[in-house]
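See below for my_file-v7.pdb, which holds PDB, C-alpha atoms.
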```
ATOM      1  CA  MET R  11      87.609  86.501  76.131
ATOM      2  CA  ARG R  12      89.191  87.834  79.321
ATOM      3  CA  HIS R  13      87.517  89.466  82.305
ATOM      4  CA  LEU R  14      88.843  91.174  85.438
ATOM      5  CA  LEU R  15      86.996  89.962  88.502
ATOM      6  CA  GLU R  16      89.997  89.845  90.847
ATOM      7  CA  ILE R  17      93.577  91.043  90.432
ATOM      8  CA  ASP R  18      94.983  87.520  90.200
ATOM      9  CA  ASP R  19      93.038  87.038  86.982
ATOM     10  CA  LEU R  20      96.190  88.704  85.575
ATOM     11  CA  THR R  21      99.686  87.226  85.471
ATOM     12  CA  VAL R  22     102.645  89.300  86.601
ATOM     13  CA  ASP R  23     103.551  90.052  82.964
ATOM     14  CA  GLU R  24      99.973  91.142  82.269
ATOM     15  CA  VAL R  25      99.950  93.392  85.333
ATOM     16  CA  VAL R  26     103.136  95.090  84.140
ATOM     17  CA  GLU R  27     101.678  95.404  80.621
ATOM     18  CA  VAL R  28      98.565  97.101  82.008
ATOM     19  CA  LEU R  29     100.683  99.485  84.130
ATOM     20  CA  ASP R  30     102.840 100.353  81.111
ATOM     21  CA  ARG R  31      99.739 101.098  79.055
ATOM     22  CA  ALA R  32      98.354 103.203  81.912
ATOM     23  CA  GLU R  33     101.336 105.517  81.476
ATOM     24  CA  ALA R  34     101.171 105.678  77.659
ATOM     25  CA  ALA R  35     100.965 109.284  76.498
ATOM     26  CA  ASP R  36      98.726 108.700  73.480
ATOM     27  CA  PRO R  37      96.521 105.626  73.916
ATOM     28  CA  PRO R  38      94.651 104.401  70.817
ATOM     29  CA  LYS R  39      90.906 105.003  70.500
ATOM     30  CA  VAL R  40      90.052 101.336  70.959
ATOM     31  CA  LEU R  41      86.487 102.255  71.942
ATOM     32  CA  ASP R  42      85.836 104.566  68.995
ATOM     33  CA  GLY R  43      82.116 104.421  68.256
ATOM     34  CA  GLU R  44      81.448 101.987  71.098
ATOM     35  CA  GLY R  45      80.056 102.257  74.611
ATOM     36  CA  MET R  46      80.736 100.791  78.036
ATOM     37  CA  ALA R  47      77.933 100.123  80.505
ATOM     38  CA  LEU R  48      78.801 100.970  84.122
ATOM     39  CA  VAL R  49      76.331  99.432  86.586
ATOM     40  CA  PHE R  50      76.465 100.881  90.101
ATOM     41  CA  GLU R  51      74.534  99.050  92.807
ATOM     42  CA  LYS R  52      76.719 100.997  95.259
ATOM     43  CA  PRO R  53      77.538 104.691  94.728
ATOM     44  CA  SER R  54      81.089 105.908  94.208
ATOM     45  CA  ALA R  55      82.863 109.154  93.361
ATOM     46  CA  ARG R  56      86.298 107.873  92.319
ATOM     47  CA  THR R  57      85.220 104.669  90.568
ATOM     48  CA  ARG R  58      82.539 106.336  88.488
ATOM     49  CA  ASN R  59      84.602 109.373  87.479
ATOM     50  CA  SER R  60      87.765 107.404  86.766
ATOM     51  CA  MET R  61      85.998 104.770  84.658
ATOM     52  CA  GLU R  62      83.886 107.262  82.739
ATOM     53  CA  MET R  63      86.919 109.381  81.860
ATOM     54  CA  ALA R  64      88.992 106.329  80.954
ATOM     55  CA  VAL R  65      86.292 105.303  78.468
ATOM     56  CA  VAL R  66      86.197 108.839  77.029
ATOM     57  CA  GLN R  67      89.989 108.898  76.639
ATOM     58  CA  LEU R  68      89.787 105.648  74.668
ATOM     59  CA  GLY R  69      87.254 107.217  72.305
ATOM     60  CA  GLY R  70      84.167 105.537  73.746
ATOM     61  CA  HIS R  71      80.946 106.576  75.418
ATOM     62  CA  PRO R  72      80.369 105.624  79.086
ATOM     63  CA  LEU R  73      76.811 104.997  80.200
ATOM     64  CA  THR R  74      76.326 104.851  83.965
ATOM     65  CA  ILE R  75      73.301 102.948  85.265
ATOM     66  CA  ARG R  76      72.125 102.953  88.891
ATOM     67  CA  GLY R  77      71.298  99.635  90.469
ATOM     68  CA  GLU R  78      67.608 100.419  90.819
ATOM     69  CA  GLU R  79      67.371 101.136  87.085
ATOM     70  CA  VAL R  80      68.288  97.574  86.159
ATOM     71  CA  GLY R  81      67.193  95.749  89.332
ATOM     72  CA  LEU R  82      69.673  92.897  89.243
ATOM     73  CA  ASP R  83      67.791  89.725  90.252
ATOM     74  CA  VAL R  84      64.778  91.906  91.184
ATOM     75  CA  ARG R  85      63.349  93.237  87.929
ATOM     76  CA  GLU R  86      65.431  90.900  85.785
ATOM     77  CA  SER R  87      68.005  88.214  86.343
ATOM     78  CA  VAL R  88      71.671  89.165  86.273
ATOM     79  CA  GLU R  89      72.002  87.053  83.139
ATOM     80  CA  ASP R  90      69.163  88.800  81.266
ATOM     81  CA  VAL R  91      70.490  92.255  82.168
ATOM     82  CA  THR R  92      73.977  91.239  81.033
ATOM     83  CA  ARG R  93      72.718  89.863  77.702
ATOM     84  CA  THR R  94      70.787  93.085  77.075
ATOM     85  CA  LEU R  95      73.670  95.423  77.920
ATOM     86  CA  ALA R  96      76.102  93.316  75.881
ATOM     87  CA  GLY R  97      73.952  94.037  72.848
ATOM     88  CA  TYR R  98      74.683  97.752  73.179
ATOM     89  CA  HIS R  99      78.156  97.952  74.690
ATOM     90  CA  ALA R 100      81.694  96.699  74.101
ATOM     91  CA  ALA R 101      82.254  96.016  77.810
ATOM     92  CA  ILE R 102      80.418  96.077  81.129
ATOM     93  CA  GLY R 103      81.712  97.329  84.478
ATOM     94  CA  ALA R 104      79.781  96.554  87.638
ATOM     95  CA  ARG R 105      80.067  97.775  91.243
ATOM     96  CA  VAL R 106      77.983  95.274  93.163
ATOM     97  CA  PHE R 107      77.173  94.019  96.634
ATOM     98  CA  ARG R 108      77.810  90.321  95.930
ATOM     99  CA  HIS R 109      80.833  88.952  94.085
ATOM    100  CA  ASP R 110      78.808  86.173  92.500
ATOM    101  CA  VAL R 111      76.998  88.806  90.411
ATOM    102  CA  VAL R 112      80.156  89.664  88.433
ATOM    103  CA  GLU R 113      81.000  85.957  88.229
ATOM    104  CA  ARG R 114      77.598  85.249  86.661
ATOM    105  CA  MET R 115      78.052  88.149  84.216
ATOM    106  CA  ALA R 116      81.465  86.850  83.155
ATOM    107  CA  ALA R 117      80.206  83.278  82.809
ATOM    108  CA  LEU R 118      78.061  84.371  79.843
ATOM    109  CA  ASP R 119      81.245  85.475  78.016
ATOM    110  CA  ARG R 120      79.399  88.023  75.875
ATOM    111  CA  VAL R 121      81.647  91.057  76.505
ATOM    112  CA  PRO R 122      84.540  91.718  78.912
ATOM    113  CA  ILE R 123      83.338  92.189  82.503
ATOM    114  CA  VAL R 124      85.219  94.472  84.903
ATOM    115  CA  ASN R 125      84.634  94.214  88.641
ATOM    116  CA  LEU R 126      84.399  97.800  89.873
ATOM    117  CA  LEU R 127      84.079  96.527  93.472
ATOM    118  CA  SER R 128      82.329  93.628  95.122
ATOM    119  CA  ASP R 129      82.160  92.358  98.673
ATOM    120  CA  ALA R 130      85.177  90.166  97.914
ATOM    121  CA  ALA R 131      87.448  92.220  95.691
ATOM    122  CA  HIS R 132      88.495  95.636  94.392
ATOM    123  CA  PRO R 133      90.949  94.856  91.567
ATOM    124  CA  MET R 134      90.773  98.280  89.897
ATOM    125  CA  GLN R 135      91.904  99.902  93.141
ATOM    126  CA  ALA R 136      94.769  97.413  93.351
ATOM    127  CA  LEU R 137      95.963  98.331  89.856
ATOM    128  CA  ALA R 138      95.999 102.027  90.784
ATOM    129  CA  ASP R 139      97.861 101.154  93.990
ATOM    130  CA  LEU R 140     100.572  99.266  92.083
ATOM    131  CA  LEU R 141     100.867 102.089  89.556
ATOM    132  CA  THR R 142     101.367 104.606  92.369
ATOM    133  CA  ILE R 143     103.930 102.423  94.145
ATOM    134  CA  ARG R 144     105.947 101.973  90.931
ATOM    135  CA  GLN R 145     105.872 105.686  90.137
ATOM    136  CA  GLU R 146     106.844 106.749  93.660
ATOM    137  CA  LEU R 147     109.331 104.045  94.648
ATOM    138  CA  GLY R 148     110.583 102.939  91.233
ATOM    139  CA  ARG R 149     109.861  99.260  91.885
ATOM    140  CA  LEU R 150     107.074  96.917  92.915
ATOM    141  CA  ASP R 151     108.829  94.372  95.151
ATOM    142  CA  VAL R 152     108.296  96.381  98.324
ATOM    143  CA  THR R 153     106.880  95.699 101.777
ATOM    144  CA  VAL R 154     103.324  96.937 102.166
ATOM    145  CA  ALA R 155     101.805  97.366 105.634
ATOM    146  CA  TYR R 156      98.011  97.485 105.670
ATOM    147  CA  VAL R 157      96.588  98.678 108.981
ATOM    148  CA  GLY R 158      92.852  98.155 109.350
ATOM    149  CA  ASP R 159      90.006  95.826 108.491
ATOM    150  CA  ALA R 160      90.989  92.978 106.141
ATOM    151  CA  ASN R 161      88.262  93.894 103.672
ATOM    152  CA  ASN R 162      87.909  93.636  99.891
ATOM    153  CA  VAL R 163      90.496  96.393  99.327
ATOM    154  CA  ALA R 164      93.031  94.638 101.568
ATOM    155  CA  ARG R 165      92.392  91.287  99.911
ATOM    156  CA  SER R 166      93.021  92.580  96.390
ATOM    157  CA  LEU R 167      96.003  94.636  97.564
ATOM    158  CA  ALA R 168      97.601  91.599  99.224
ATOM    159  CA  LEU R 169      97.154  89.514  96.078
ATOM    160  CA  ALA R 170      98.502  92.334  93.895
ATOM    161  CA  VAL R 171     101.574  92.818  96.077
ATOM    162  CA  GLY R 172     102.233  89.085  96.028
ATOM    163  CA  ILE R 173     101.879  88.793  92.245
ATOM    164  CA  VAL R 174     104.600  91.398  91.660
ATOM    165  CA  GLY R 175     107.021  89.985  94.219
ATOM    166  CA  GLY R 176     106.345  92.174  97.240
ATOM    167  CA  SER R 177     105.525  91.230 100.818
ATOM    168  CA  PHE R 178     102.400  92.033 102.796
ATOM    169  CA  ARG R 179     101.812  92.732 106.463
ATOM    170  CA  LEU R 180      98.437  93.081 108.107
ATOM    171  CA  GLY R 181      97.947  95.037 111.308
ATOM    172  CA  ALA R 182      94.429  94.234 112.547
ATOM    173  CA  PRO R 183      92.777  93.069 115.755
ATOM    174  CA  PRO R 184      91.394  89.529 116.011
ATOM    175  CA  GLY R 185      88.042  89.247 114.279
ATOM    176  CA  TYR R 186      89.061  91.655 111.513
ATOM    177  CA  ARG R 187      91.707  89.564 109.774
ATOM    178  CA  PHE R 188      91.500  87.476 106.601
ATOM    179  CA  SER R 189      89.331  84.380 106.661
ATOM    180  CA  ASP R 190      91.172  81.079 106.466
ATOM    181  CA  ALA R 191      90.108  80.688 102.819
ATOM    182  CA  ASP R 192      91.334  84.168 101.897
ATOM    183  CA  ALA R 193      94.562  83.699 103.844
ATOM    184  CA  ASP R 194      95.236  80.457 102.003
ATOM    185  CA  ARG R 195      94.584  82.072  98.621
ATOM    186  CA  ILE R 196      96.880  85.008  99.385
ATOM    187  CA  ALA R 197      99.541  82.770 100.908
ATOM    188  CA  ALA R 198      99.722  80.915  97.592
ATOM    189  CA  VAL R 199     101.310  84.057  96.081
ATOM    190  CA  THR R 200     102.915  85.756  99.097
ATOM    191  CA  PRO R 201     103.376  85.092 102.817
ATOM    192  CA  ILE R 202     101.143  87.177 105.090
ATOM    193  CA  GLU R 203     102.635  88.535 108.286
ATOM    194  CA  VAL R 204      99.844  89.298 110.763
ATOM    195  CA  CYS R 205     100.735  91.742 113.543
ATOM    196  CA  ASP R 206      98.801  92.387 116.755
ATOM    197  CA  ARG R 207     100.379  95.813 117.117
ATOM    198  CA  PRO R 208     100.006  98.241 114.172
ATOM    199  CA  GLU R 209     103.463  99.627 114.981
ATOM    200  CA  ASP R 210     104.953  96.217 114.219
ATOM    201  CA  ALA R 211     103.204  96.084 110.836
ATOM    202  CA  VAL R 212     104.440  99.570 109.890
ATOM    203  CA  SER R 213     108.030  99.016 111.069
ATOM    204  CA  GLY R 214     110.396  99.278 108.090
ATOM    205  CA  ALA R 215     107.586  99.175 105.496
ATOM    206  CA  GLN R 216     107.984 101.150 102.250
ATOM    207  CA  VAL R 217     104.204 101.521 101.877
ATOM    208  CA  VAL R 218     101.734 102.132 104.702
ATOM    209  CA  TYR R 219      98.115 101.730 103.658
ATOM    210  CA  SER R 220      94.776 102.212 105.369
ATOM    211  CA  ASP R 221      91.051 102.157 104.642
ATOM    212  CA  VAL R 222      87.959 103.076 106.638
ATOM    213  CA  TRP R 223      87.151 100.804 109.562
ATOM    214  CA  THR R 224      83.441 100.765 108.684
ATOM    215  CA  SER R 225      82.710 100.172 105.010
ATOM    216  CA  MET R 226      79.484 100.888 103.150
ATOM    217  CA  GLY R 227      76.729  98.603 104.430
ATOM    218  CA  GLN R 228      78.405  98.072 107.838
ATOM    219  CA  GLU R 229      77.093 101.251 109.466
ATOM    220  CA  ALA R 230      75.240  99.314 112.192
ATOM    221  CA  GLU R 231      78.619  97.966 113.374
ATOM    222  CA  ALA R 232      80.290 101.381 113.531
ATOM    223  CA  GLU R 233      80.453 101.767 117.316
ATOM    224  CA  HIS R 234      81.658  98.207 117.813
ATOM    225  CA  ARG R 235      84.331  98.663 115.165
ATOM    226  CA  LEU R 236      85.541 101.933 116.691
ATOM    227  CA  ARG R 237      86.170 100.104 119.957
ATOM    228  CA  ALA R 238      87.817  97.133 118.234
ATOM    229  CA  PHE R 239      90.261  99.361 116.321
ATOM    230  CA  GLU R 240      91.185 101.572 119.269
ATOM    231  CA  GLY R 241      94.949 102.177 119.052
ATOM    232  CA  TYR R 242      95.108 101.454 115.301
ATOM    233  CA  THR R 243      94.947 105.081 114.134
ATOM    234  CA  ILE R 244      97.923 105.808 111.887
ATOM    235  CA  ASP R 245      99.555 108.997 113.117
ATOM    236  CA  ALA R 246     102.898 110.714 112.567
ATOM    237  CA  ALA R 247     104.512 108.899 115.494
ATOM    238  CA  MET R 248     103.564 105.511 114.047
ATOM    239  CA  MET R 249     104.774 106.520 110.579
ATOM    240  CA  ARG R 250     108.228 107.343 111.956
ATOM    241  CA  GLY R 251     108.756 103.596 112.245
ATOM    242  CA  ALA R 252     108.330 103.072 108.493
ATOM    243  CA  ALA R 253     111.190 102.963 105.985
ATOM    244  CA  GLU R 254     112.902 106.270 105.289
ATOM    245  CA  ASP R 255     111.500 106.490 101.757
ATOM    246  CA  HIS R 256     108.001 105.309 102.727
ATOM    247  CA  ILE R 257     104.757 106.560 101.253
ATOM    248  CA  PHE R 258     101.248 106.588 102.707
ATOM    249  CA  LEU R 259      98.286 105.370 100.633
ATOM    250  CA  HIS R 260      94.541 105.295 101.276
ATOM    251  CA  CYS R 261      91.814 104.242  98.832
ATOM    252  CA  LEU R 262      89.517 107.043 100.104
ATOM    253  CA  PRO R 263      87.230 108.338 101.417
ATOM    254  CA  ALA R 264      89.319 108.857 104.555
ATOM    255  CA  HIS R 265      87.814 109.331 107.979
ATOM    256  CA  ARG R 266      90.328 111.763 109.419
ATOM    257  CA  GLY R 267      90.952 111.120 113.082
ATOM    258  CA  GLU R 268      89.725 107.528 112.902
ATOM    259  CA  GLU R 269      91.875 105.194 110.814
ATOM    260  CA  VAL R 270      94.369 107.957 109.995
ATOM    261  CA  ALA R 271      95.315 111.329 111.452
ATOM    262  CA  THR R 272      95.012 114.466 109.352
ATOM    263  CA  GLU R 273      98.748 115.087 109.807
ATOM    264  CA  VAL R 274      99.400 111.887 107.830
ATOM    265  CA  VAL R 275      96.691 112.428 105.185
ATOM    266  CA  ASP R 276      98.119 115.871 104.422
ATOM    267  CA  GLY R 277     101.711 115.010 105.342
ATOM    268  CA  PRO R 278     104.803 115.078 103.095
ATOM    269  CA  ARG R 279     104.810 111.297 102.544
ATOM    270  CA  SER R 280     101.136 111.070 101.589
ATOM    271  CA  ARG R 281     100.519 110.111  97.957
ATOM    272  CA  ILE R 282      96.747 109.658  98.174
ATOM    273  CA  TRP R 283      95.866 112.247  95.531
ATOM    274  CA  ARG R 284      98.214 110.766  92.944
ATOM    275  CA  GLN R 285      96.763 107.369  93.931
ATOM    276  CA  ALA R 286      93.231 108.682  93.352
ATOM    277  CA  GLU R 287      94.184 110.157  89.954
ATOM    278  CA  ASN R 288      95.808 106.872  89.025
ATOM    279  CA  ARG R 289      92.408 105.188  89.252
ATOM    280  CA  MET R 290      91.701 106.778  85.848
ATOM    281  CA  HIS R 291      95.071 105.958  84.290
ATOM    282  CA  ALA R 292      94.946 102.353  85.534
ATOM    283  CA  ALA R 293      91.397 101.962  84.225
ATOM    284  CA  ARG R 294      92.487 103.241  80.807
ATOM    285  CA  GLY R 295      95.412 100.818  80.697
ATOM    286  CA  LEU R 296      93.254  97.893  81.782
ATOM    287  CA  LEU R 297      90.445  98.612  79.299
ATOM    288  CA  TRP R 298      92.885  99.074  76.428
ATOM    289  CA  TRP R 299      94.501  95.711  77.221
ATOM    290  CA  LEU R 300      91.251  93.896  77.990
ATOM    291  CA  LEU R 301      89.514  94.974  74.786
ATOM    292  CA  GLU R 302      92.375  93.542  72.748
ATOM    293  CA  GLN R 303      91.689  90.136  74.289
ATOM    294  CA  ARG R 304      88.200  89.890  72.730
TER     295      ARG R 304
END
```

Structure encoded using structure tokens:
Amino acid sequence: MRHLLEIDDLTVDEVVEVLDRAEAADPPKVLDGEGMALVFEKPSARTRNSMEMAVVQLGGHPLTIRGEEVGLDVRESVEDVTRTLAGYHAAIGARVFRHDVVERMAALDRVPIVNLLSDAAHPMQALADLLTIRQELGRLDVTVAYVGDANNVARSLALAVGIVGGSFRLGAPPGYRFSDADADRIAAVTPIEVCDRPEDAVSGAQVVYSDVWTSMGQEAEAEHRLRAFEGYTIDAAMMRGAAEDHIFLHCLPAHRGEEVATEVVDGPRSRIWRQAENRMHAARGLLWWLLEQR
């Protein structure tokens, strides 16, 4: 049985297979008569809607459960909750605070587990990012510049870009870059170029990517982070240094005027709405493929 806890759980051929299935016009109803449990310790608009609709399009029934309803390791252990849900559903998706929660779910090997976001990884976002890059640029071996905090989104994106033969640049101030362990893991699939100046990261890149500087759960650090990232706002002047055919991506929600200017969010090279829609298509492709591995 296969699970998706991080994007490098997939080989390059499997990534391409999932992307191809994401674009299939008439996917089979592989979930006909079955359900998928979606556990959300952390709220989300895009993840919940995209996963629920992907399940519906595959003929299944999505059942979303808030974290307080199951009480992972509070009311019941992660293992007992997983065993219970696996008795009702063909697969389980979980958006959790700690990555070890999805690892413990997968270790039981009852049904496929999909990481819908953890503190370490966001593989479903990375699949949608690759799908958008391929649709917009016609290839995957491109240079991606990520300007901002080296968080879970950046980590999965860097691994995804490396798996498909691209290169990755990080523009972030000291203290907000990958840990040594993460850098080593990413470097095993692609070199990381770390830039002190965001302009240097963006220069010549085909894809410029950003995320919020203060993620959910880091609100107490907001003022400190605003000061640390001063000068890292992606604006039209910075984007003029990118490749001529560049696109701008953002996993959303965007804080306009902080990590990115409105002129870029709404600009002619922005592809963030296609990227957001692709969350659903990528989820459908992944579930279709994953359920065949049972």

Leaving out segment 212-217 of chain R and any residue of its chain fewer than 4 positions from it, which residues lie within 10 Å of it when counting only C-alpha atoms, given as a tab-separated table (two decimals) with C-alpha atoms, keeping the file's coordinate frame?
```tsv
chain	number	residue	atom	x	y	z
R	143	ILE	CA	103.93	102.42	94.14
R	147	LEU	CA	109.33	104.04	94.65
R	151	ASP	CA	108.83	94.37	95.15
R	152	VAL	CA	108.30	96.38	98.32
R	153	THR	CA	106.88	95.70	101.78
R	154	VAL	CA	103.32	96.94	102.17
R	155	ALA	CA	101.80	97.37	105.63
R	156	TYR	CA	98.01	97.48	105.67
R	157	VAL	CA	96.59	98.68	108.98
R	177	SER	CA	105.52	91.23	100.82
R	178	PHE	CA	102.40	92.03	102.80
R	179	ARG	CA	101.81	92.73	106.46
R	180	LEU	CA	98.44	93.08	108.11
R	181	GLY	CA	97.95	95.04	111.31
R	205	CYS	CA	100.74	91.74	113.54
R	207	ARG	CA	100.38	95.81	117.12
R	208	PRO	CA	100.01	98.24	114.17
R	244	ILE	CA	97.92	105.81	111.89
R	248	MET	CA	103.56	105.51	114.05
R	249	MET	CA	104.77	106.52	110.58
R	250	ARG	CA	108.23	107.34	111.96
R	251	GLY	CA	108.76	103.60	112.24
R	252	ALA	CA	108.33	103.07	108.49
R	253	ALA	CA	111.19	102.96	105.98
R	254	GLU	CA	112.90	106.27	105.29
R	255	ASP	CA	111.50	106.49	101.76
R	256	HIS	CA	108.00	105.31	102.73
R	257	ILE	CA	104.76	106.56	101.25
R	258	PHE	CA	101.25	106.59	102.71
R	259	LEU	CA	98.29	105.37	100.63
R	279	ARG	CA	104.81	111.30	102.54
```

Hey, what comes out of the PyMOL selection byres ((chain R and resi 41-43) around 12) on this file? Could you write it as a PyMOL selection string? chain R and resi 37-40+44-46+64-72+98-101+294+297-302

Which residues are close to Lys52 of chain R, i.e. within 10 Å by all atoms listed in the file, leaving aside same-chain residues fewer than 4 positions away? Reply as a VMD selection string. chain R and resid 76 to 77 104 to 107 126 to 128 226 to 227

Point-to-point distance from atom CA of Met11 of chain R to atom CA of His291 of chain R, Å rounded to tenths: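 It comes out at 22.4 Å.
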
Using all atoms listed in the file and a cutoff of 12 Å, can you tell me which residues are near (79.1, 86.7, 81.8) in the file's coordinates, and write them out as an MDAnalysis selection string? chainID R and resid 11:15 88:96 101:104 110:125

Residues just named, written with C-alpha atoms as a PDB file, in the frame of the given file:
```
ATOM      1  CA  MET R  11      87.609  86.501  76.131  1.00  0.00           C
ATOM      2  CA  ARG R  12      89.191  87.834  79.321  1.00  0.00           C
ATOM      3  CA  HIS R  13      87.517  89.466  82.305  1.00  0.00           C
ATOM      4  CA  LEU R  14      88.843  91.174  85.438  1.00  0.00           C
ATOM      5  CA  LEU R  15      86.996  89.962  88.502  1.00  0.00           C
ATOM      6  CA  VAL R  88      71.671  89.165  86.273  1.00  0.00           C
ATOM      7  CA  GLU R  89      72.002  87.053  83.139  1.00  0.00           C
ATOM      8  CA  ASP R  90      69.163  88.800  81.266  1.00  0.00           C
ATOM      9  CA  VAL R  91      70.490  92.255  82.168  1.00  0.00           C
ATOM     10  CA  THR R  92      73.977  91.239  81.033  1.00  0.00           C
ATOM     11  CA  ARG R  93      72.718  89.863  77.702  1.00  0.00           C
ATOM     12  CA  THR R  94      70.787  93.085  77.075  1.00  0.00           C
ATOM     13  CA  LEU R  95      73.670  95.423  77.920  1.00  0.00           C
ATOM     14  CA  ALA R  96      76.102  93.316  75.881  1.00  0.00           C
ATOM     15  CA  ALA R 101      82.254  96.016  77.810  1.00  0.00           C
ATOM     16  CA  ILE R 102      80.418  96.077  81.129  1.00  0.00           C
ATOM     17  CA  GLY R 103      81.712  97.329  84.478  1.00  0.00           C
ATOM     18  CA  ALA R 104      79.781  96.554  87.638  1.00  0.00           C
ATOM     19  CA  ASP R 110      78.808  86.173  92.500  1.00  0.00           C
ATOM     20  CA  VAL R 111      76.998  88.806  90.411  1.00  0.00           C
ATOM     21  CA  VAL R 112      80.156  89.664  88.433  1.00  0.00           C
ATOM     22  CA  GLU R 113      81.000  85.957  88.229  1.00  0.00           C
ATOM     23  CA  ARG R 114      77.598  85.249  86.661  1.00  0.00           C
ATOM     24  CA  MET R 115      78.052  88.149  84.216  1.00  0.00           C
ATOM     25  CA  ALA R 116      81.465  86.850  83.155  1.00  0.00           C
ATOM     26  CA  ALA R 117      80.206  83.278  82.809  1.00  0.00           C
ATOM     27  CA  LEU R 118      78.061  84.371  79.843  1.00  0.00           C
ATOM     28  CA  ASP R 119      81.245  85.475  78.016  1.00  0.00           C
ATOM     29  CA  ARG R 120      79.399  88.023  75.875  1.00  0.00           C
ATOM     30  CA  VAL R 121      81.647  91.057  76.505  1.00  0.00           C
ATOM     31  CA  PRO R 122      84.540  91.718  78.912  1.00  0.00           C
ATOM     32  CA  ILE R 123      83.338  92.189  82.503  1.00  0.00           C
ATOM     33  CA  VAL R 124      85.219  94.472  84.903  1.00  0.00           C
ATOM     34  CA  ASN R 125      84.634  94.214  88.641  1.00  0.00           C
TER      35      ASN R 125
END
```

Could you list, as an MDAnalysis selection string, every residue matched by the PyMOL selection byres ((chain R and resi 24) around 12) in this structure? chainID R and resid 12 14 17:23 25:31 137 170 173:174 295:296 299:300 303

Got a sec to write segment 75-99 of chain R of the block to a file, C-alpha atoms, as an mmCIF file, in the first residue's frame?
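Generated output (decode-v8.cif):
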```
data_model
loop_
_atom_site.group_PDB
_atom_site.id
_atom_site.type_symbol
_atom_site.label_atom_id
_atom_site.label_comp_id
_atom_site.auth_asym_id
_atom_site.auth_seq_id
_atom_site.Cartn_x
_atom_site.Cartn_y
_atom_site.Cartn_z
ATOM 1 C CA ILE R 75 -13.984 15.998 10.353
ATOM 2 C CA ARG R 76 -12.689 18.858 12.514
ATOM 3 C CA GLY R 77 -9.781 18.149 14.801
ATOM 4 C CA GLU R 78 -11.807 18.638 17.966
ATOM 5 C CA GLU R 79 -14.314 16.014 16.807
ATOM 6 C CA VAL R 80 -11.713 13.253 16.843
ATOM 7 C CA GLY R 81 -9.242 14.686 19.379
ATOM 8 C CA LEU R 82 -6.069 13.123 18.042
ATOM 9 C CA ASP R 83 -4.018 11.966 21.053
ATOM 10 C CA VAL R 84 -6.500 13.785 23.341
ATOM 11 C CA ARG R 85 -9.747 11.825 23.201
ATOM 12 C CA GLU R 86 -8.162 8.869 21.428
ATOM 13 C CA SER R 87 -4.749 7.934 20.151
ATOM 14 C CA VAL R 88 -3.891 8.681 16.538
ATOM 15 C CA GLU R 89 -3.735 4.934 15.959
ATOM 16 C CA ASP R 90 -7.220 4.240 17.373
ATOM 17 C CA VAL R 91 -8.770 7.072 15.353
ATOM 18 C CA THR R 92 -7.053 5.800 12.204
ATOM 19 C CA ARG R 93 -8.242 2.214 12.756
ATOM 20 C CA THR R 94 -11.808 3.449 13.263
ATOM 21 C CA LEU R 95 -11.871 5.692 10.187
ATOM 22 C CA ALA R 96 -10.252 2.979 8.059
ATOM 23 C CA GLY R 97 -13.249 0.794 8.829
ATOM 24 C CA TYR R 98 -15.540 3.275 7.085
ATOM 25 C CA HIS R 99 -13.414 4.853 4.368
#
```
